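A quick write-up on the structure given underneath.
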Amino acid sequence: MIDFGPERPSREYEWRMPLISVVFLLLAFFLITGAMQGGSEPVNVELPVGVVDETKPPEAVTVYVGADGFVYIFDQIVEARFAPYMLRSFFVKQGHRSVQIKADKNSDAETLIDLLEQMREIKIEEVVILTERVK
């Protein structure tokens, strides 16, 4: 075997010396590059003042479908087959055609599908079916 001579005695702090040197070199590097970079913006830019349009889009009409199959629109109870015609007369006056549907979970699915098809026929632009989040 190769003889390397007697083993030198080891001191506790010897392993820390190279680590401390590296930390001081990194500190010096970041201080120098930070000073060379200067300000945070490379170009001095003066931004214009923006004006926000505060007009809100018209809100959607909320249609409630009860478990009994009747539809509630504008505080009136109607059968599902007549609901789109009430909406059509309302949307003639208003430009935006948006409807939110809140259907009872026990309501008949056929009633809801018929209602959606009739809304498509009268050219409702947006229909949103609202649900409840799972907790």
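If you're wondering about the labels, chains in the structure tokens are A, B, ... by order shown, residues count from 1 in each chain, ligands from 1 in order shown.
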Hey, which bits of range 99-124 of chain A sit within 8 Å of range 64-74 of chain A, and for each residue what's the closest pair of atoms and how far apart in Å (one decimal), counting only C-alpha atoms, rows by chain and increasing number, as CSV?
```
residue,atom,partner,partner_atom,distance
A:Ile101,CA,A:Tyr64,CA,5.9
A:Lys102,CA,A:Tyr64,CA,4.8
A:Ala103,CA,A:Val65,CA,4.5
A:Asp104,CA,A:Gly66,CA,5.4
A:Lys105,CA,A:Ala67,CA,7.3
A:Asn106,CA,A:Ala67,CA,5.2
A:Ser107,CA,A:Ala67,CA,4.0
A:Asp108,CA,A:Gly69,CA,6.6
A:Thr111,CA,A:Gly69,CA,6.6
A:Leu112,CA,A:Val65,CA,7.6
```
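In this structure, CA of Ser10 in chain A sits 27.3 Å away from CA of Leu26 in chain A.
Considering only C-alpha atoms, the residue among A:Arg97, A:Ile129, A:Leu115, A:Val63 positioned nearest to Phe82 in chain A is A:Leu115.
Counting from CA of Ile113 in chain A, the distance to CA of Gln76 in chain A is 20.7 Å.
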Range 91-93 of chain A: which residues within 12 Å, counting only C-alpha atoms, same-chain residues fewer than 3 positions away excluded, as an mmCIF file with N, CA and C atoms, in the first residue's frame?
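The result, written out as out_4.cif:
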```
data_model
loop_
_atom_site.group_PDB
_atom_site.id
_atom_site.type_symbol
_atom_site.label_atom_id
_atom_site.label_comp_id
_atom_site.auth_asym_id
_atom_site.auth_seq_id
_atom_site.Cartn_x
_atom_site.Cartn_y
_atom_site.Cartn_z
ATOM 1 N N PRO A 58 -74.983 46.167 -18.990
ATOM 2 C CA PRO A 58 -76.265 45.886 -18.358
ATOM 3 C C PRO A 58 -76.250 44.519 -17.685
ATOM 4 N N GLU A 59 -76.906 44.465 -16.547
ATOM 5 C CA GLU A 59 -76.918 43.209 -15.802
ATOM 6 C C GLU A 59 -77.866 42.201 -16.449
ATOM 7 N N ALA A 60 -77.575 40.954 -16.192
ATOM 8 C CA ALA A 60 -78.389 39.883 -16.748
ATOM 9 C C ALA A 60 -79.710 39.792 -15.991
ATOM 10 N N VAL A 61 -80.713 39.342 -16.702
ATOM 11 C CA VAL A 61 -82.019 39.091 -16.095
ATOM 12 C C VAL A 61 -81.952 37.713 -15.426
ATOM 13 N N PRO A 84 -89.875 32.652 -22.332
ATOM 14 C CA PRO A 84 -89.063 33.342 -23.351
ATOM 15 C C PRO A 84 -89.792 34.494 -24.032
ATOM 16 N N TYR A 85 -91.091 34.404 -24.156
ATOM 17 C CA TYR A 85 -91.841 35.488 -24.801
ATOM 18 C C TYR A 85 -91.877 36.726 -23.920
ATOM 19 N N MET A 86 -91.922 36.513 -22.609
ATOM 20 C CA MET A 86 -91.828 37.659 -21.697
ATOM 21 C C MET A 86 -90.439 38.293 -21.801
ATOM 22 N N LEU A 87 -89.423 37.456 -21.921
ATOM 23 C CA LEU A 87 -88.069 37.978 -22.042
ATOM 24 C C LEU A 87 -87.869 38.716 -23.363
ATOM 25 N N ARG A 88 -88.475 38.206 -24.422
ATOM 26 C CA ARG A 88 -88.329 38.858 -25.722
ATOM 27 C C ARG A 88 -88.874 40.280 -25.672
ATOM 28 N N HIS A 96 -78.716 44.629 -24.688
ATOM 29 C CA HIS A 96 -77.941 43.449 -24.287
ATOM 30 C C HIS A 96 -78.889 42.316 -23.903
ATOM 31 N N ARG A 97 -78.605 41.117 -24.380
ATOM 32 C CA ARG A 97 -79.471 39.967 -24.112
ATOM 33 C C ARG A 97 -78.701 38.941 -23.301
ATOM 34 N N SER A 98 -78.838 39.028 -21.976
ATOM 35 C CA SER A 98 -78.139 38.114 -21.087
ATOM 36 C C SER A 98 -79.096 37.629 -20.008
ATOM 37 N N VAL A 99 -79.081 36.314 -19.769
ATOM 38 C CA VAL A 99 -79.998 35.705 -18.798
ATOM 39 C C VAL A 99 -79.211 34.794 -17.862
ATOM 40 N N MET A 119 -85.019 29.908 -25.482
ATOM 41 C CA MET A 119 -84.181 31.109 -25.380
ATOM 42 C C MET A 119 -83.251 31.217 -26.581
ATOM 43 N N ILE A 122 -85.255 32.794 -29.474
ATOM 44 C CA ILE A 122 -85.484 34.246 -29.426
ATOM 45 C C ILE A 122 -84.161 35.016 -29.400
ATOM 46 N N LYS A 123 -83.042 34.299 -29.644
ATOM 47 C CA LYS A 123 -81.718 34.882 -29.821
ATOM 48 C C LYS A 123 -81.181 35.574 -28.562
ATOM 49 N N ILE A 124 -81.276 34.878 -27.441
ATOM 50 C CA ILE A 124 -80.619 35.336 -26.222
ATOM 51 C C ILE A 124 -79.121 35.122 -26.432
ATOM 52 N N GLU A 125 -78.310 36.159 -26.192
ATOM 53 C CA GLU A 125 -76.876 36.083 -26.487
ATOM 54 C C GLU A 125 -76.098 35.274 -25.451
#
```
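Here CA of Leu130 in chain A stands at a distance of 21.2 Å from CA of Phe90 in chain A.
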- Query: Of the candidates A:Asp114, A:Pro18, A:Thr62, A:Glu79, which shows the shortest atom-to-atom distance to Glu126 in chain A, using only C-alpha atoms?
  - Reply: A:Thr62
- Query: Where does DSSP see helix (DSSP H, G or I) in range 62-121 of chain A, if you list the residues as JSON, numbers by chain?
  - Reply: {"A": [80, 81, 82, 83, 84, 85, 86, 87, 88, 89, 90, 91, 92, 93, 109, 110, 111, 112, 113, 114, 115, 116, 117, 118, 119, 120, 121]}
